[in-house]
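A.B. asks: I'd like to ask some things about the structure below.
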There are 2 protein chains.
Amino acid sequence: MITETILNSVNTPKDLKKLSLEQLNTLADEMRDLIIKKVNTTGGHMGPNLGILETTIAFHYVFNSPVDKIVFDVSHQCYPHKILTGRKEGFTDSDKYLKYTGYTAPQESEHDLFTVGHTSTAASLACGLAKARDLKGESYNVVALVGDGSLSGGEALEGLDNAATLDSNIIILINDNDMSIAENHGGLYKNLKELRDTTGQSQNNFFKTLGFEYYYVEEGNNIEKLIETFKQVKDINKPTIVHLHTQKGHGLKVAEENREAFHWIMPHTLDAKPDEQAEFQEDYNSITKDFILNKIQENKTTIAICAGTPGVFGFDSSFRNKLGKNYTDVGIAEEHAVAYSSALAKAGAKPILNLMSSFVQRTYDQMSQDLCLNNSPITMLIHWGGISPADCTHLCTFDIPLISNIPNMVYLAPTSKEEYIAMLEYSYSQNEHPVAIRVPAGTLTSSGEKDNTDYSILNKFKVEESGEKVAIMGLGDFFELGKSVKTELKNRFGFNATLINPRFITGIDKDLLENLKNNHKVVITLENGELDGGFGEKITRYYGNSDIKVLNYGSFKEFTDRTPYDELMTRYRLKPELIADDLKQLI
Amino acid sequence: MITETILNSVNTPKDLKKLSLEQLNTLADEMRDLIIKKVNTTGGHMGPNLGILETTIAFHYVFNSPVDKIVFDVSHQCYPHKILTGRKEGFTDSDKYLKYTGYTAPQESEHDLFTVGHTSTAASLACGLAKARDLKGESYNVVALVGDGSLSGGEALEGLDNAATLDSNIIILINDNDMSIAENHGGLYKNLKELRDTTGQSQNNFFKTLGFEYYYVEEGNNIEKLIETFKQVKDINKPTIVHLHTQKGHGLKVAEENREAFHWIMPHTLDAKPDEQAEFQEDYNSITKDFILNKIQENKTTIAICAGTPGVFGFDSSFRNKLGKNYTDVGIAEEHAVAYSSALAKAGAKPILNLMSSFVQRTYDQMSQDLCLNNSPITMLIHWGGISPADCTHLCTFDIPLISNIPNMVYLAPTSKEEYIAMLEYSYSQNEHPVAIRVPAGTLTSSGEKDNTDYSILNKFKVEESGEKVAIMGLGDFFELGKSVKTELKNRFGFNATLINPRFITGIDKDLLENLKNNHKVVITLENGELDGGFGEKITRYYGNSDIKVLNYGSFKEFTDRTPYDELMTRYRLKPELIADDLKQLI
């Protein structure tokens with residue numbers, strides 16, 4: 001049974017323009033229900049999309065997409081936009097819930113300009129569109145939609161600084177819900193508050209100092225007010241900020257009241273009984289958190305740092321409260337996070353910096369110059385590195401090539417709980433090197449035995465089981481895969497392969513590699529990340545002038561997009577039987 | 001004969017405190033003469049150091065370094081600081097002119113906190129020092145000295161945003177001489193001008209919007225005024241900006257009047273006769289400039305982009321004027337430069353982005369996400385890549401690992417003028433890929449024959465001379481080295497090696513590599529950059545399961561520091577006779 005709805009009549013943004021204000025408001029209610037139902041079924045970004053619903057309707061009512069262009073920052077708030085631009089079936093038809101990505105995707109629609117998933121890019125991208133328009137002598141609106149949380153990123157600030165000097169139309173909508181993923185951090189946010197508190201009237205105005213025209217909308221979830229302001233700024237011929245005071249999670253009480261928890265939710269979060277308390281299970285996050293709390297007890301200069309995504313590491317508000325002044329969330333500002341940590345260490349403090357693999361990409365020069373060139377002894381924990389069925393914007397396969405080719409860096413790959421703890425202890429206690437640890441992404445593995453390795457002896461690989469003919473190097477969380485490969489080789493070919501746990505990503509154990517030549521013909525490297533520029537290639541280079549054959553396994557140099565894990569593992573031949581097949585001709 | 005000077009009595013900052021204002025002014029004159037003489041002899045940063053002389057004297061007069069900490073941004077303005085902190089011999093004794101680096105260097109002095117050479121880092125680093133101090137419960141001043149040109153960088157803006165929220169002492173001196181290396185770009189600079197024009201009184205104040213206390217010094221080269229203000233802010237307990245209006249090149253008329261030319265000078269610039277006009281000589285810069293101008297004639301959407309360092313590519317003011325609106329200098333804002341270029345291309349314009357190898361490090365995520373994930377067909381020219389005797393802060397050996405492991409990127413390595421032009425034409429005309437070209441850093445090489453290669457057929461290596469036994473792959477400007485190796489092998493071993501020009505850094509020619517197996521035993525790769533994560537390792541990985549031996553040559557994973565070129569080439573065995581030695585056992 002198809003209910004008669006306003007949305008039935010809306011297939012393109014043009015259809016919106018025929019609706020009355022009352023109908024637009026009804027449409028918002030319909031869309032809200034669809035988004036809540038869909039996101040609660042599949043998981044996804046709840047708060048951001050509910051917060052921006054009315055803005056999106058007003059935008060498409062006033063502007064003429066795709067002639068007028070809208071660039072979403074992060075684009076985790078594009079669900080209403082997708083509904084209004086020909087993709088509503090992804091929300092009305094549960095069979096098609098997964099048909100469209102959760103981010104803007106040019107291959108889906110001419111209304112999507114860029115594939116985006118990292119923050120702080122929209123002002124820069126809009127700037128380029130506007131300049132191209134001007135060079136061509138064309139005339140249309142270029143609009144960027146940027147959340148307040150994204151403003152702390154260097155790219156956003158560089159973009160705003162440059163956008164302000166464009167002598168033509170560029171309109172930047174600031175979606176200010178007083179919230180990043182977690183709470184905001186930075187002086188800029190005090191200014192946003194001052195502007196909200198004065199309904200945009202304060203003379204002390206960050207955007208105006210850069211030279212922007214400035215408009216403020218207090219009721220950022222009121223379609224009528226939004227339309228009014230958008231009509232005012234449409235076709236404006238100078239760089240313009242429209243500061244929208246919106247409410248994250250608007251219209252869903254539990255999301256309005258739990259803004260961090262409802263930024264992104266797991267499937268069926270709304271159905272969960274409130275008294276259901278997940279049983280505590282030890283994992284790499286809990287180990288990290290315990291380690292930090294213990295070290296703060298021992299040494300008051302211990303400090304945990306993150307860059308806007310504490311939830312990714314399980315740093316919930318209760319944990320953050322325990323840390324107190326021994327915690328800095330720098331906001332989405334990874335470059336600053338690295339330089340800040342380096343200086344903390346130089347001054348004798350004990351920084352433990354936490355970054356997600358995909359977001360460590362947002363800082364390279366700082367790792368090279370501020371950190372490694374200065375040899376500052378920080379502990380940098382890289383979380384979630386590895387192959388996954390993630391969106392193309394959130395892949396975590398590039399951190400090894402990115403980090404491990406920087407001089408002076410020590411990048412460690414633990415294979416178990418005990419190794420992780422030992423590496424944390426080593427990194428924390430030493431004063432010689434910047435140390436990064438690739439926190440295993442999978443389930444916790446435990447040997448049950450304390451690891452007493454002295455990691456200050458760099459680049460010493462561990463032979464876990466001595467064998468012959470083939471040596472298998474299973475790096476980090478692929479050590480388990482290495483075990484399976486060993487078993488497969490035993491079953492299929494009848495010999496005992498050597499099994500090695502490299503532990504160090506950033507250097508090779510030349511003595512060990514040399515020794516392997518005595519009774520091995522083939523070395524196999526397994527790494528949970530990109531092959532190009534990665535760990536395995538260094539092993540191969542070492543053996544380049546010898547008779548040893550080397551087979552490298554890892555992910556390819558490619559952007560995958562929500563590709564199932566098993567499909568990727570097959571494509572990359574990261575399976576014992578496939579590796580044994582490859583090996584057949586060589587032994 | 002030793003002249004009696006004030007400087008004779010100044011060996012540490014403490015000695016300054018005994019001097020009268022008159023003596024301090026005389027000291028400034030003495031130091032100015034020394035800096036002018038030294039820099040004119042060795043080359044170096046003239047304008048920045050003359051501009052900051054009085055600030056440095058006043059700083060050390062008022063504050064107590066090394067208890068109070070000063071962090072220099074870029075640190076190319078630290079010569080006066082070096083003179084006052086025990087290293088004056090580097091300026092008074094011409095035999096010791098090269099004893100000290102041109103940047104802050106902790107190994108030289110306890111008054112230098114960090115090894116710094118890239119911009120925009122000081123606020124972040126100072127933030128870390130201040131936080132460590134607070135965690136320890138200590139009490140001293142943390143001061144950052146930041147040039148106005150550095151403020152446009154993302155890291156600086158992230159740092160300021162965070163510094164503003166420190167609930168304690170941090171003092172950021174803004175050295176505002178209304179000049180980056182070239183002129184400034186960005187909305188922020190209009191605000192700095194407004195503040196200068198109102199002697200700091202304007203209510204529209206960028207720094208205040210972030211929450212800083214704000215002080216303004218109109219006479220930024222007046223020691224008395226500087227001392228007065230520094231005394232006011234010393235021991236202040238909140239984040240504070242001191243905005244100094246200084247004059248770049250102060251006290252040297254020709255430097256005051258030619259601020260861009262005298263930012264950094266070659267040796268004996270002051271001695272050159274003014275009518276001496278260098279004869280025009282074609283080089284890779286002139287080819288680039290001609291190409292851009294021609295394309296603008298053909299297509300009005302052609303646009304050259306750089307990030308604050310136009311001089312590095314020979315983009316002098318006369319060239320920039322010719323470009324007009326078809327030129328954007330985004331200021332020191334490499335992240336924005338990449339995203340901006342990507343969007344220009346997406347909107348159908350023809351961006352040609354110019355970055356120096358060392359500074360392309362300042363943008364990675366933007367290359368990955370904004371550019372390559374979106375497959376935007378920009379032309380990105382990477383200048384000065386390769387091994388050099390540069391300072392450790394300005395090495396150019398890391399761009400291949402950084403860029404070439406990003407999916408979708410096409411990174412090209414021309415070996416001659418003709419190839420460079422053909423690659424420029426290819427990149428400019430295509431619409432499929434982001435294309436980077438590694439502009440050769442050395443002298444121009446010309447084959448004299450037009451290159452008609454179709455570069456749209458990706459990853460096709462060129463066999464320049466067919467031979468046997470050994471195949472030499474000379475990448476980019478190391479193709480010439482490849483030729484020499486070939487000659488050496490012929491002379492020493494009597495056979496004709498195969499000589500290959502790979503041309504593509506980002507992919508391998510599998511057909512060619514497979515064919516080489518027929519009559520070759522060894523493949524040699526030569527690349528002008530870091531081996532780890534570079535080009536050669538991909539070749540080695542390909543041959544990992546075969547009998548082909550591979551020898552990879554390039555620079556090591558290390559920060560070198562003003563190491564002579566020849567020493568490096570020997571260390572890396574990048575010499576025909578050394579390579580032939582290595583090869584001896586294998587053939």
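Scheme for the structure tokens: letters A, B, ... for chains in order shown; per-chain residue numbers from 1; ligand numbers from 1 in order shown.
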For B:Ile265, find every residue with an atom within 7 Å (counting only C-alpha atoms), except residues of its own chain fewer than 4 positions away, and show them as number ranges by chain.
C.D. replies: B: 43-46, 269
A.B. asks: Could you write those residues out with C-alpha atoms, as a PDB file, in the first residue's frame?
C.D. replies:
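Result file follows (again-v7.pdb):
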ATOM      1  CA  GLY B  43      74.169  33.660   0.567  1.00  0.00           C
ATOM      2  CA  GLY B  44      71.166  33.212   2.827  1.00  0.00           C
ATOM      3  CA  HIS B  45      68.085  34.881   4.220  1.00  0.00           C
ATOM      4  CA  MET B  46      68.801  38.594   4.223  1.00  0.00           C
ATOM      5  CA  THR B 269      74.368  39.824  -4.622  1.00  0.00           C
TER       6      THR B 269
END
A.B. asks: Could you give me, as a PyMOL selection string, the residues within 8 Å of stretch 360-373 of chain A, counting only C-alpha atoms and dropping anything in the same chain fewer than 3 positions from it?
C.D. replies: (chain A and resi 334-336+338-339+342+355-357+376+382+398-399+402-403+406-409+433-434) or (chain B and resi 114-116+118+121+125+361-366+392-393+559)
A.B. asks: To test your reading of the structure, identify every residue in stretch 344-533 of chain A that backbone DSSP assigns to alpha helix (DSSP H), and report it as a ChimeraX atom specification.
C.D. replies: /A:344-346,357-360,365,399-404,417-429,479-493,510-516
A.B. asks: With C-alpha atoms retained, export the selected residues as a PDB file, in the first residue's frame.
C.D. replies:
ATOM      1  CA  LEU A 344      55.177  17.928  24.674  1.00  0.00           C
ATOM      2  CA  ALA A 345      57.747  15.149  24.439  1.00  0.00           C
ATOM      3  CA  LYS A 346      60.606  17.568  23.870  1.00  0.00           C
ATOM      4  CA  SER A 357      44.639   5.063  10.130  1.00  0.00           C
ATOM      5  CA  SER A 358      42.519   6.850   7.548  1.00  0.00           C
ATOM      6  CA  PHE A 359      42.960  10.201   9.281  1.00  0.00           C
ATOM      7  CA  VAL A 360      46.695   9.975   9.914  1.00  0.00           C
ATOM      8  CA  ASP A 365      54.867  16.933   6.918  1.00  0.00           C
ATOM      9  CA  ASP A 399      49.260   4.106   6.811  1.00  0.00           C
ATOM     10  CA  ILE A 400      52.231   1.755   6.421  1.00  0.00           C
ATOM     11  CA  PRO A 401      53.563   3.357   3.228  1.00  0.00           C
ATOM     12  CA  LEU A 402      52.775   6.790   4.647  1.00  0.00           C
ATOM     13  CA  ILE A 403      54.454   6.418   8.028  1.00  0.00           C
ATOM     14  CA  SER A 404      57.127   3.794   7.566  1.00  0.00           C
ATOM     15  CA  LYS A 417      47.660  -8.298  23.730  1.00  0.00           C
ATOM     16  CA  GLU A 418      50.917  -9.073  25.481  1.00  0.00           C
ATOM     17  CA  GLU A 419      53.043  -7.660  22.690  1.00  0.00           C
ATOM     18  CA  TYR A 420      50.885  -4.575  22.520  1.00  0.00           C
ATOM     19  CA  ILE A 421      51.342  -3.939  26.218  1.00  0.00           C
ATOM     20  CA  ALA A 422      55.086  -4.547  26.017  1.00  0.00           C
ATOM     21  CA  MET A 423      55.384  -2.172  23.082  1.00  0.00           C
ATOM     22  CA  LEU A 424      53.357   0.470  24.903  1.00  0.00           C
ATOM     23  CA  GLU A 425      55.659   0.126  27.896  1.00  0.00           C
ATOM     24  CA  TYR A 426      58.747   0.337  25.705  1.00  0.00           C
ATOM     25  CA  SER A 427      57.532   3.356  23.807  1.00  0.00           C
ATOM     26  CA  TYR A 428      56.412   5.160  26.919  1.00  0.00           C
ATOM     27  CA  SER A 429      59.639   4.609  28.803  1.00  0.00           C
ATOM     28  CA  PHE A 479      50.519 -13.093  12.047  1.00  0.00           C
ATOM     29  CA  GLU A 480      47.451 -15.275  12.552  1.00  0.00           C
ATOM     30  CA  LEU A 481      47.137 -15.602   8.779  1.00  0.00           C
ATOM     31  CA  GLY A 482      50.803 -16.593   8.749  1.00  0.00           C
ATOM     32  CA  LYS A 483      50.002 -19.448  11.158  1.00  0.00           C
ATOM     33  CA  SER A 484      47.261 -20.661   8.841  1.00  0.00           C
ATOM     34  CA  VAL A 485      49.579 -20.501   5.859  1.00  0.00           C
ATOM     35  CA  LYS A 486      52.101 -22.607   7.756  1.00  0.00           C
ATOM     36  CA  THR A 487      49.451 -25.209   8.505  1.00  0.00           C
ATOM     37  CA  GLU A 488      48.321 -25.225   4.879  1.00  0.00           C
ATOM     38  CA  LEU A 489      51.871 -25.765   3.655  1.00  0.00           C
ATOM     39  CA  LYS A 490      52.370 -28.596   6.104  1.00  0.00           C
ATOM     40  CA  ASN A 491      49.124 -30.267   5.017  1.00  0.00           C
ATOM     41  CA  ARG A 492      49.685 -29.756   1.329  1.00  0.00           C
ATOM     42  CA  PHE A 493      53.414 -30.154   0.919  1.00  0.00           C
ATOM     43  CA  LYS A 510      69.473  -8.261   8.256  1.00  0.00           C
ATOM     44  CA  ASP A 511      71.074 -10.987  10.359  1.00  0.00           C
ATOM     45  CA  LEU A 512      67.906 -13.002  10.386  1.00  0.00           C
ATOM     46  CA  LEU A 513      67.300 -12.435   6.681  1.00  0.00           C
ATOM     47  CA  GLU A 514      70.842 -13.511   5.944  1.00  0.00           C
ATOM     48  CA  ASN A 515      70.469 -16.663   8.054  1.00  0.00           C
ATOM     49  CA  LEU A 516      67.276 -17.633   6.299  1.00  0.00           C
TER      50      LEU A 516
END
A.B. asks: Closest to chain A among B:Gln281, B:Ser124, B:Thr101, B:Thr453, using only C-alpha atoms?
C.D. replies: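 Closest candidate: B:Ser124.
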A.B. asks: Write out as a VMD selection string which residues come within 9 Å of B:Tyr189 when counting only C-alpha atoms, dropping same-chain ones fewer than 5 positions away.
C.D. replies: (chain A and resid 161 210) or (chain B and resid 148 to 149 152 178 184 194)
A.B. asks: Could you tell me which of A:Ala349, A:Leu98, A:Ile35, A:Val233 comes closest to chain B if we count only C-alpha atoms?
C.D. replies: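 Looking only at the distances to chain B, the closest residue turns out to be A:Ala349.
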A.B. asks: Give me, please, the distance in Å between atom CA of B:Lys350 and atom CA of B:Glu449, quoted to one decimal.
C.D. replies: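 So the answer is 27.0 Å.
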A.B. asks: Measure the distance from atom CA of A:Met266 to atom CA of A:Thr119 in Å and round it to one decimal.
C.D. replies: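 Spanning atom CA of A:Met266 to atom CA of A:Thr119 is a straight-line distance of 21.1 Å.
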A.B. asks: Provide the atom CA of A:Ala130 to atom CA of A:Thr246 distance in Å, to one decimal place.
C.D. replies: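 Interatomic distance here is 26.2 Å.
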A.B. asks: Find the spatial neighbours of B:Leu458, counting only C-alpha atoms, within a cut-off of 10 Å - ignore same-chain residues fewer than 6 positions away - and output them as an MDAnalysis selection string.
C.D. replies: chainID B and resid 410 412 503:504 506:509
A.B. asks: Give me the residues near stretch 79-92 of chain A as a ChimeraX atom specification, where near means some atom within 7 Å (using only C-alpha atoms) and where sequence neighbours in that chain fewer than 4 positions away do not count.
C.D. replies: /A:10-13,34-35,38,49,53,56,96-100,111
A.B. asks: Can you spit out the residues from that selection as a PDB file, in the first residue's frame, using C-alpha atoms?
C.D. replies:
ATOM      1  CA  VAL A  10       9.218  15.126  -5.422  1.00  0.00           C
ATOM      2  CA  ASN A  11      11.665  13.474  -7.801  1.00  0.00           C
ATOM      3  CA  THR A  12      14.009  16.328  -8.570  1.00  0.00           C
ATOM      4  CA  PRO A  13      14.773  19.598  -6.778  1.00  0.00           C
ATOM      5  CA  LEU A  34      12.380   7.893   6.519  1.00  0.00           C
ATOM      6  CA  ILE A  35      15.878   8.831   7.644  1.00  0.00           C
ATOM      7  CA  LYS A  38      16.587   3.744   7.430  1.00  0.00           C
ATOM      8  CA  ASN A  49      21.318  14.327   8.777  1.00  0.00           C
ATOM      9  CA  LEU A  53      17.135  18.393   6.828  1.00  0.00           C
ATOM     10  CA  THR A  56      18.671  20.989   2.483  1.00  0.00           C
ATOM     11  CA  LYS A  96      17.533  -0.500  -1.685  1.00  0.00           C
ATOM     12  CA  TYR A  97      18.801   0.841   1.630  1.00  0.00           C
ATOM     13  CA  LEU A  98      22.360  -0.005   0.654  1.00  0.00           C
ATOM     14  CA  LYS A  99      22.131   1.014  -2.991  1.00  0.00           C
ATOM     15  CA  TYR A 100      23.551   4.481  -2.414  1.00  0.00           C
ATOM     16  CA  HIS A 111      23.852  16.880  -8.031  1.00  0.00           C
TER      17      HIS A 111
END
A.B. asks: Would you list the contacts of stretch 467-478 of chain B as a PyMOL selection string, taking every protein, DNA or RNA residue within 7 Å and counting only C-alpha atoms, but skipping same-chain residues closer than 4 positions in sequence?
C.D. replies: chain B and resi 413-415+440+482+496-503+519-528
A.B. asks: Excluding same-chain residues fewer than 3 positions from B:Gly200, what lies within 6 Å of it counting only C-alpha atoms, as a PDB file with N, CA and C atoms, in the first residue's frame?
C.D. replies:
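As written to disk, selection.pdb reads:
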ATOM      1  N   LEU B 195      44.612  46.206  10.775  1.00  0.00           N
ATOM      2  CA  LEU B 195      45.186  46.382  12.114  1.00  0.00           C
ATOM      3  C   LEU B 195      46.393  47.317  12.073  1.00  0.00           C
ATOM      4  N   ARG B 196      47.209  47.190  11.068  1.00  0.00           N
ATOM      5  CA  ARG B 196      48.355  48.112  10.950  1.00  0.00           C
ATOM      6  C   ARG B 196      47.851  49.541  10.711  1.00  0.00           C
ATOM      7  N   TYR B 216      49.760  45.539  20.203  1.00  0.00           N
ATOM      8  CA  TYR B 216      50.255  45.958  18.896  1.00  0.00           C
ATOM      9  C   TYR B 216      51.464  46.864  19.082  1.00  0.00           C
TER      10      TYR B 216
END
A.B. asks: Can you tell me, as a PyMOL selection string, which residues in stretch 36-85 of chain B count as strand (DSSP E or B) by DSSP?
C.D. replies: chain B and resi 44+69-72
A.B. asks: Kindly save the residues from that selection, with C-alpha atoms included, as a compact mmCIF listing (two decimals), in the first residue's frame.
C.D. replies:
# COMPACT_ATOMS: atom_id res chain seq x y z
CA GLY B 44 71.17 33.21 2.83
CA LYS B 69 61.55 29.35 25.59
CA ILE B 70 61.39 30.87 22.15
CA VAL B 71 60.20 28.84 19.17
CA PHE B 72 60.98 30.26 15.74
A.B. asks: Counting only C-alpha atoms, figure out which residue out of A:Ile171, A:Ala123, A:Ile223, A:Val312 gets nearest to A:Thr55.
C.D. replies: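 Answer, going by the shortest atom-to-atom distance: A:Ile223.
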